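In what follows, a structure is listed as structure tokens, so that the remarks can point back to it.
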Amino acid sequence: FPSYGSFISTLNHKRESGSHSLSSPLLLPAVKQVRELPPICPDVRQKHRISIDVLPPEVKARFVSEPIIPIRTKTAKEFQDDVERATISGDWKQVLDFYLTTFDSFLELNGAFKKEANAPFNTIEDSGINIKFVNIVYDALLHTPADTQKSVLKGIINSLLREWKGFLKCLSVSQNPQYTSPATYVIYAHLLRQIASLAEADHHFLMHWFKKLPQKRFKQLVERLQLFITTRLFPAKPDELPPMAKCSWWIPSATKVLSLLNAANSISSPPIIPFTDLYNLTLDHIDFMEDYHTWQAHGNSNRFTFCQFPFILSTVVKKAIIQRDSEQQMISMARQTLVDKVSRRQRVDMSLLFLNIKVRRLQLVSDSLDELSRKRADLKKKLKVTFVGEAGLDMGGLTKEWFLLLIRQIFHTDYGMFTYVKESQCHWFSSWKCDNYSEFRLVGALMGLAVYNSITLDIRFPPCVYKKLLTPPIVPCDLDTPVSMATLTLDDLQQIMPDLAHGLGELLSYEGNVEEDFYTTFQVFQEELGVIKSYNLKPGGEKIPVTNLNRKEYIQLYIDFLLNKSIYRQFAAFYHGFHSVCASNALMLLRPEEVEILVCGSPNLDMGSLQRVVQYEGYSKTDPTIRAFWDVVLAFPLELQKKLLHFTTGSDRVPVCGMADLNFKISKIDVSTDWLPVSHTCFNQICLPPYKSKKELRQKLTIAISNAEGFGLE
């Protein structure tokens, strides 16, 4: 059976045909390339076995369960009557006494409302209750005198929080248009302040409630809060809002409430909205370096900074912070080198200001490894590359060529460091064991240097690699502390080995007797250089059968073995190589997806933007060949547009800051129109002969970009 899926299908077929038992234990088959994918085979007899002890299990944080809602006997109708009487008389004492003396916490208040107005308050329904009640409370808020408004707010806001629709009506633009005006922001700000100041358990409750909202409403809440923050930072009419000195707590309160929505989005699978929808692009225009330095100096103390809530900062801002932080480290490193030279009265060579890499093309990997190993102290300097025996200064082209050639050679399957998984179209770490993992450290250092020097790499790693790179984001002081041991799930395995993940998912939902039908244990086998080695997923695993009760644990341990423990030494070297270059507190601001974008670029292509920023050499934008080129390219399907970008730049992704950062150039080449286009990937340049027609250009360009690997690239 090629997978768990077909195995389970066969079992079900046997059951349907009346065969309820198996005459002999069935063996789950080994996958064809066991070096790439360790088999779940309980019995392998054809090769010699070696028993290997497992690594200590990772300590996993316990996830807090959803809170228990207490039971109350008061009705919504009774409380509504109290509010109506208070609105008419102006005496809110009875209402205030009710919620202040009846309930001890936000959780208990949440237990006090139900959709049916006359029913006991013993359950919560997401749909909320009487909108009339909400309107009554809002009218009361809007007409309450300013001097007493704050004391009323303290009580009424807490009542509003108990109203599902009331809460949405308060925060959402579409449901409460009267609160979109900056003139009513004072009440809205007080509401946010009350929410932000709730206890941790109350925030936990709200987070789980946000998680259950429909996507449309969830997005409305996010947009409402973002608009509030933007308007407070850059008001169209400053006179409409109180002076910043008197309402400095507005933005911190709104950001803290927004963090609850971000938490709810993060624990939802799949996320309710893309994480990029939580970016506030207005913050691209503030002094974010001052914010970053304040955060470094004070950490997560009571002094508010946006860096305490990095989900709100765009990737553009985070890249700029990392680059400027890198530049400061580069400058400090270069300055220290100069001071040392001057203090020793030695001649100052300006090359000391750079990380100078000299390599031979025929020994590219070994020379690069030697150079980076010898110059570890210089890794934070500006990179300059020289190819031995070749004249020329590195103005950026040689550096990019070095990266391109090195990455292609290291990731070639014949090299053996990485395997290419066709099903997921990505690379994964080979699990073979050796005495020296320095080449994995080299790959990590290359990725760090690429981020440091703003080079986009054509690397196809699955997303979980970047999770592991940030586990933890700061290298531990104790070198014996395990690193990169991320908590990974079946979804992470799905992105690398989809067939295996599908089979394990079916094992999890299998309705038959797992122990009798699968006949497997908590022991797995892996072939390494022709030798089958056995690994216990837990102590005594070879004697522990997988059953219906423990199969979830088996799957989690197996995923942990595949993605963490079996490649621990390789990935640890890779991790330390990356952080040897990129060691910075700024990494704590990044999500794994954002690290991937910094290393590999963004997958979102916009050829219209590229057309607006492209540079021409020998052509102008009005030349017939150029007009035909853009007509063809803009009409290309996405796959061909990616191939064009890869043909010209060496990557089908876009830098973080957009197409403008590519410095894409179209040059004229005076050759016969029988020639195909040529590219210089080191300079992001494509050279076009002056084709006579759009049809001819489309044909020649399609042939060139569809056969780009090893053809026409310089």
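Convention: chains lettered A, B, ... in structure tokens order; per-chain residue numbering from 1; ligands numbered from 1 as shown.
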| request: Would you mind listing what lies within 8 Å of Ser424 in chain A as a PyMOL selection string, with only C-alpha atoms counted and same-chain residues fewer than 5 positions away left out? | output: chain A and resi 495-498
request  = Write out as a PyMOL selection string the residues lying within 10 Å of Leu644 in chain A, counting only C-alpha atoms and excluding same-chain residues fewer than 2 positions away.
outcome  = chain A and resi 633+636+638-642+646-652+679+686+701-702+704-706+708
| field | Distance query Asp414 in chain A at most 12 Å, only C-alpha atoms, self and fewer than 6 positions along chain excluded, as a PyMOL selection string | value | chain A and resi 408+420+430
Discussion item. For Asn513 in chain A, find every residue with an atom within 8 Å (counting only C-alpha atoms), except residues of its own chain fewer than 2 positions away, and show them as a PyMOL selection string.
Written reply: chain A and resi 511+515-517+547-548
>> Taking only range 497-612 of chain A into account, list the residues labelled alpha helix (DSSP H) by DSSP (computed from the backbone), as a PyMOL selection string.
In response: chain A and resi 498-509+514-518+551-563+568-582+592-600+607-612
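Distances to Cys682 in chain A were evaluated for A:Glu401, A:Asp606, A:Glu84, A:Glu240 using only C-alpha atoms, and the minimum falls at A:Glu401.
Proximity ranking of A:Val671, A:Ala263, A:Leu563, A:Leu662 relative to Trp209 in chain A places A:Ala263 first, based on only C-alpha atoms.
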Closest of A:Ser266, A:Gln685, A:Ser89, A:Ser259 to Ile669 in chain A, counting only C-alpha atoms, is A:Gln685
List the spatial neighbours of Leu590 in chain A as a tab-separated table (two decimals) with all heavy atoms, in the first residue's frame - criterion: any atom at most 12 Å away, only C-alpha atoms, same-chain residues fewer than 5 positions off excluded.
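The resulting file, result_28.tsv, is reproduced below:
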```tsv
chain	number	residue	atom	x	y	z
A	275	PHE	N	-2.97	37.62	8.09
A	275	PHE	CA	-2.28	38.42	9.12
A	275	PHE	C	-1.91	39.80	8.60
A	275	PHE	O	-1.78	40.75	9.39
A	275	PHE	CB	-1.04	37.68	9.63
A	275	PHE	CG	0.09	37.57	8.63
A	275	PHE	CD1	1.07	38.54	8.55
A	275	PHE	CD2	0.17	36.47	7.78
A	275	PHE	CE1	2.11	38.44	7.63
A	275	PHE	CE2	1.21	36.35	6.87
A	275	PHE	CZ	2.18	37.34	6.79
A	307	CYS	N	6.27	48.34	19.05
A	307	CYS	CA	7.06	47.11	18.95
A	307	CYS	C	6.62	46.06	19.96
A	307	CYS	O	6.95	44.88	19.80
A	307	CYS	CB	8.55	47.42	19.13
A	307	CYS	SG	9.30	48.24	17.71
A	308	GLN	N	5.90	46.48	21.00
A	308	GLN	CA	5.32	45.49	21.92
A	308	GLN	C	4.21	44.70	21.23
A	308	GLN	O	3.85	43.62	21.68
A	308	GLN	CB	4.74	46.21	23.15
A	308	GLN	CG	5.78	46.87	24.04
A	308	GLN	CD	5.13	47.72	25.11
A	308	GLN	OE1	4.07	48.30	24.91
A	308	GLN	NE2	5.76	47.79	26.27
A	309	PHE	N	3.66	45.26	20.15
A	309	PHE	CA	2.56	44.63	19.42
A	309	PHE	C	2.96	44.55	17.94
A	309	PHE	O	2.39	45.23	17.08
A	309	PHE	CB	1.28	45.45	19.58
A	309	PHE	CG	0.91	45.70	21.02
A	309	PHE	CD1	1.36	46.84	21.69
A	309	PHE	CD2	0.14	44.79	21.72
A	309	PHE	CE1	1.03	47.07	23.01
A	309	PHE	CE2	-0.19	45.00	23.05
A	309	PHE	CZ	0.26	46.15	23.70
A	310	PRO	N	3.95	43.71	17.62
A	310	PRO	CA	4.53	43.73	16.27
A	310	PRO	C	3.57	43.33	15.16
A	310	PRO	O	3.85	43.62	14.00
A	310	PRO	CB	5.70	42.73	16.38
A	310	PRO	CG	5.37	41.87	17.55
A	310	PRO	CD	4.62	42.73	18.50
A	311	PHE	N	2.45	42.70	15.50
A	311	PHE	CA	1.49	42.30	14.46
A	311	PHE	C	0.96	43.51	13.70
A	311	PHE	O	0.50	43.39	12.56
A	311	PHE	CB	0.32	41.54	15.09
A	311	PHE	CG	-0.53	42.38	16.01
A	311	PHE	CD1	-1.56	43.15	15.52
A	311	PHE	CD2	-0.28	42.40	17.37
A	311	PHE	CE1	-2.34	43.94	16.37
A	311	PHE	CE2	-1.04	43.17	18.23
A	311	PHE	CZ	-2.07	43.95	17.73
A	312	ILE	N	1.00	44.70	14.31
A	312	ILE	CA	0.44	45.90	13.70
A	312	ILE	C	1.42	46.58	12.75
A	312	ILE	O	1.04	47.43	11.95
A	312	ILE	CB	-0.02	46.90	14.79
A	312	ILE	CG1	-1.05	47.89	14.25
A	312	ILE	CG2	1.16	47.63	15.40
A	312	ILE	CD1	-1.66	48.79	15.32
A	313	LEU	N	2.70	46.18	12.81
A	313	LEU	CA	3.74	46.77	11.97
A	313	LEU	C	3.88	45.97	10.68
A	313	LEU	O	3.98	44.74	10.71
A	313	LEU	CB	5.08	46.80	12.70
A	313	LEU	CG	5.12	47.61	14.01
A	313	LEU	CD1	6.46	47.41	14.70
A	313	LEU	CD2	4.87	49.08	13.74
A	314	SER	N	3.92	46.65	9.55
A	314	SER	CA	4.03	45.98	8.26
A	314	SER	C	5.43	45.39	8.08
A	314	SER	O	6.38	45.77	8.76
A	314	SER	CB	3.73	46.96	7.13
A	314	SER	OG	4.77	47.91	7.00
A	315	THR	N	5.55	44.49	7.12
A	315	THR	CA	6.84	43.89	6.82
A	315	THR	C	7.83	44.93	6.33
A	315	THR	O	9.03	44.82	6.56
A	315	THR	CB	6.68	42.79	5.74
A	315	THR	OG1	5.60	41.93	6.11
A	315	THR	CG2	7.93	41.97	5.61
A	316	VAL	N	7.33	45.97	5.66
A	316	VAL	CA	8.20	47.06	5.20
A	316	VAL	C	8.88	47.73	6.39
A	316	VAL	O	10.09	47.99	6.38
A	316	VAL	CB	7.40	48.09	4.38
A	316	VAL	CG1	8.26	49.31	4.04
A	316	VAL	CG2	6.86	47.46	3.11
A	317	VAL	N	8.11	48.01	7.45
A	317	VAL	CA	8.67	48.63	8.64
A	317	VAL	C	9.67	47.70	9.31
A	317	VAL	O	10.77	48.12	9.71
A	317	VAL	CB	7.54	49.01	9.63
A	317	VAL	CG1	8.12	49.42	10.98
A	317	VAL	CG2	6.70	50.13	9.06
A	318	LYS	N	9.32	46.44	9.43
A	318	LYS	CA	10.21	45.48	10.10
A	318	LYS	C	11.51	45.30	9.33
A	318	LYS	O	12.58	45.20	9.92
A	318	LYS	CB	9.49	44.14	10.29
A	318	LYS	CG	8.33	44.23	11.28
A	318	LYS	CD	7.47	42.98	11.26
A	318	LYS	CE	6.27	43.14	12.18
A	318	LYS	NZ	5.33	42.02	12.10
A	319	LYS	N	11.40	45.28	8.00
A	319	LYS	CA	12.62	45.17	7.20
A	319	LYS	C	13.49	46.40	7.41
A	319	LYS	O	14.72	46.30	7.55
A	319	LYS	CB	12.28	45.02	5.72
A	319	LYS	CG	13.54	44.90	4.86
A	319	LYS	CD	13.24	44.92	3.37
A	319	LYS	CE	14.55	44.87	2.58
A	319	LYS	NZ	14.33	44.96	1.12
A	321	ILE	N	13.60	48.33	10.03
A	321	ILE	CA	14.19	48.26	11.37
A	321	ILE	C	15.39	47.32	11.37
A	321	ILE	O	16.46	47.64	11.90
A	321	ILE	CB	13.14	47.79	12.40
A	321	ILE	CG1	12.09	48.88	12.62
A	321	ILE	CG2	13.80	47.44	13.73
A	321	ILE	CD1	10.94	48.46	13.51
A	322	ILE	N	15.23	46.14	10.74
A	322	ILE	CA	16.33	45.18	10.69
A	322	ILE	C	17.51	45.75	9.91
A	322	ILE	O	18.67	45.62	10.33
A	322	ILE	CB	15.85	43.86	10.06
A	322	ILE	CG1	14.90	43.14	11.01
A	322	ILE	CG2	17.02	42.95	9.71
A	322	ILE	CD1	14.27	41.90	10.45
A	466	TYR	N	10.80	28.29	8.87
A	466	TYR	CA	10.91	29.63	9.45
A	466	TYR	C	10.35	29.67	10.87
A	466	TYR	O	10.78	30.47	11.69
A	466	TYR	CB	10.22	30.63	8.53
A	466	TYR	CG	10.81	30.59	7.13
A	466	TYR	CD1	10.20	29.85	6.12
A	466	TYR	CD2	12.01	31.21	6.85
A	466	TYR	CE1	10.75	29.77	4.85
A	466	TYR	CE2	12.58	31.13	5.58
A	466	TYR	CZ	11.95	30.41	4.59
A	466	TYR	OH	12.53	30.31	3.35
A	467	LYS	N	9.40	28.77	11.16
A	467	LYS	CA	8.96	28.62	12.56
A	467	LYS	C	10.13	28.13	13.41
A	467	LYS	O	10.37	28.63	14.52
A	467	LYS	CB	7.82	27.61	12.66
A	467	LYS	CG	6.48	28.07	12.14
A	467	LYS	CD	5.42	26.99	12.39
A	467	LYS	CE	4.08	27.36	11.81
A	467	LYS	NZ	3.06	26.31	12.05
A	469	LEU	N	13.29	28.43	12.76
A	469	LEU	CA	14.35	29.45	12.85
A	469	LEU	C	14.08	30.46	13.96
A	469	LEU	O	15.01	31.06	14.50
A	469	LEU	CB	14.47	30.19	11.52
A	469	LEU	CG	15.47	29.67	10.50
A	469	LEU	CD1	15.48	30.56	9.27
A	469	LEU	CD2	16.87	29.57	11.09
A	470	LEU	N	12.81	30.64	14.31
A	470	LEU	CA	12.45	31.60	15.35
A	470	LEU	C	12.16	30.90	16.68
A	470	LEU	O	11.51	31.48	17.55
A	470	LEU	CB	11.23	32.40	14.91
A	470	LEU	CG	11.44	33.34	13.72
A	470	LEU	CD1	10.15	34.06	13.37
A	470	LEU	CD2	12.55	34.35	13.98
A	471	THR	N	12.64	29.68	16.84
A	471	THR	CA	12.42	28.94	18.09
A	471	THR	C	13.76	28.63	18.76
A	471	THR	O	14.37	27.61	18.46
A	471	THR	CB	11.66	27.62	17.82
A	471	THR	OG1	10.49	27.89	17.04
A	471	THR	CG2	11.26	26.94	19.12
A	472	PRO	N	14.24	29.52	19.63
A	472	PRO	CA	13.70	30.84	19.95
A	472	PRO	C	14.27	31.90	19.01
A	472	PRO	O	15.24	31.64	18.31
A	472	PRO	CB	14.19	31.05	21.38
A	472	PRO	CG	15.52	30.35	21.39
A	472	PRO	CD	15.38	29.15	20.50
A	473	PRO	N	13.68	33.13	19.01
A	473	PRO	CA	14.18	34.18	18.11
A	473	PRO	C	15.54	34.73	18.53
A	473	PRO	O	16.25	35.28	17.70
A	473	PRO	CB	13.10	35.26	18.18
A	473	PRO	CG	12.39	35.02	19.47
A	473	PRO	CD	12.45	33.55	19.71
A	474	ILE	N	15.89	34.58	19.80
A	474	ILE	CA	17.19	35.01	20.30
A	474	ILE	C	17.97	33.77	20.73
A	474	ILE	O	17.45	32.92	21.47
A	474	ILE	CB	17.05	35.99	21.49
A	474	ILE	CG1	16.20	37.20	21.07
A	474	ILE	CG2	18.41	36.43	21.98
A	474	ILE	CD1	16.79	38.01	19.94
A	584	SER	N	19.75	39.72	16.40
A	584	SER	CA	19.21	41.05	16.67
A	584	SER	C	17.88	40.91	17.39
A	584	SER	O	17.12	39.98	17.12
A	584	SER	CB	19.01	41.82	15.36
A	584	SER	OG	18.26	43.00	15.57
A	585	ASN	N	17.60	41.85	18.28
A	585	ASN	CA	16.30	41.85	18.94
A	585	ASN	C	15.17	42.08	17.94
A	585	ASN	O	14.01	41.77	18.22
A	585	ASN	CB	16.26	42.93	20.02
A	585	ASN	CG	17.09	42.56	21.23
A	585	ASN	OD1	17.34	41.39	21.48
A	585	ASN	ND2	17.55	43.55	21.97
A	595	VAL	N	9.66	36.25	7.98
A	595	VAL	CA	11.06	35.85	7.75
A	595	VAL	C	11.19	35.28	6.34
A	595	VAL	O	12.14	35.59	5.60
A	595	VAL	CB	11.53	34.82	8.79
A	595	VAL	CG1	12.96	34.38	8.49
A	595	VAL	CG2	11.45	35.39	10.19
A	596	GLU	N	10.21	34.46	5.94
A	596	GLU	CA	10.24	33.88	4.59
A	596	GLU	C	10.20	34.99	3.53
A	596	GLU	O	10.92	34.92	2.53
A	596	GLU	CB	9.05	32.94	4.40
A	596	GLU	CG	9.01	32.30	3.02
A	596	GLU	CD	7.85	31.34	2.85
A	596	GLU	OE1	6.95	31.32	3.71
A	596	GLU	OE2	7.84	30.61	1.83
A	597	ILE	N	9.38	36.02	3.75
A	597	ILE	CA	9.30	37.12	2.79
A	597	ILE	C	10.62	37.88	2.73
A	597	ILE	O	11.08	38.28	1.65
A	597	ILE	CB	8.13	38.05	3.15
A	597	ILE	CG1	6.80	37.35	2.90
A	597	ILE	CG2	8.19	39.35	2.35
A	597	ILE	CD1	5.59	38.12	3.37
A	598	LEU	N	11.27	38.08	3.88
A	598	LEU	CA	12.55	38.77	3.89
A	598	LEU	C	13.62	37.98	3.14
A	598	LEU	O	14.47	38.56	2.45
A	598	LEU	CB	13.01	39.02	5.33
A	598	LEU	CG	12.24	40.07	6.13
A	598	LEU	CD1	12.79	40.16	7.55
A	598	LEU	CD2	12.33	41.43	5.46
```
Quick one: residues within 10 Å of Ile331 in chain A, only C-alpha atoms counted, chain neighbours fewer than 3 positions away excluded, as JSON, numbers by chain? {"A": [325, 326, 327, 328, 334, 335, 336, 337, 353, 380, 381, 382]}
Among A:Ile626, A:Ser301, A:Lys219, A:Met485, Thr276 in chain A is approached most closely, using only C-alpha atoms, by A:Lys219
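Of the residues in range 426-516 of chain A, those given strand (DSSP E) by DSSP on the backbone are A:Cys426, A:His427, A:Trp428, A:Phe429.
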Restricted to N, CA, C and O atoms, what would the selected residues look like written as a tab-separated table (two decimals), in the first residue's frame?
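Saved file out_39.tsv follows:
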```tsv
chain	number	residue	atom	x	y	z
A	426	CYS	N	9.12	21.50	-2.59
A	426	CYS	CA	9.99	22.22	-1.66
A	426	CYS	C	11.16	21.33	-1.26
A	426	CYS	O	11.15	20.12	-1.51
A	427	HIS	N	12.16	21.94	-0.66
A	427	HIS	CA	13.32	21.21	-0.18
A	427	HIS	C	13.18	20.92	1.31
A	427	HIS	O	12.58	21.70	2.07
A	428	TRP	N	13.78	19.79	1.73
A	428	TRP	CA	13.78	19.43	3.14
A	428	TRP	C	15.16	18.88	3.49
A	428	TRP	O	15.92	18.45	2.63
A	429	PHE	N	15.49	18.90	4.76
A	429	PHE	CA	16.81	18.51	5.23
A	429	PHE	C	16.99	17.00	5.16
A	429	PHE	O	16.13	16.24	5.62
```
request  = Write out as an NGL selection string each polymer residue whose atoms come within 10 Å of Arg360 in chain A, counting only C-alpha atoms; drop sequence neighbours fewer than 5 positions from it.
outcome  = :A and (365-368 or 386-390)
Could you save those same residues with C-alpha atoms as a PDB file, in the first residue's frame?
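Below you can see result-v9.pdb, which holds the result:
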```
ATOM      1  CA  VAL A 365      31.247  25.701  -1.865  1.00  0.00           C
ATOM      2  CA  SER A 366      34.511  24.762  -0.141  1.00  0.00           C
ATOM      3  CA  ASP A 367      36.044  28.217  -0.675  1.00  0.00           C
ATOM      4  CA  SER A 368      32.886  29.950   0.572  1.00  0.00           C
ATOM      5  CA  THR A 386      35.605  38.560  -5.777  1.00  0.00           C
ATOM      6  CA  PHE A 387      36.007  35.619  -8.133  1.00  0.00           C
ATOM      7  CA  VAL A 388      39.684  34.627  -8.245  1.00  0.00           C
ATOM      8  CA  GLY A 389      41.297  35.295 -11.621  1.00  0.00           C
ATOM      9  CA  GLU A 390      38.510  37.608 -12.806  1.00  0.00           C
TER      10      GLU A 390
END
```
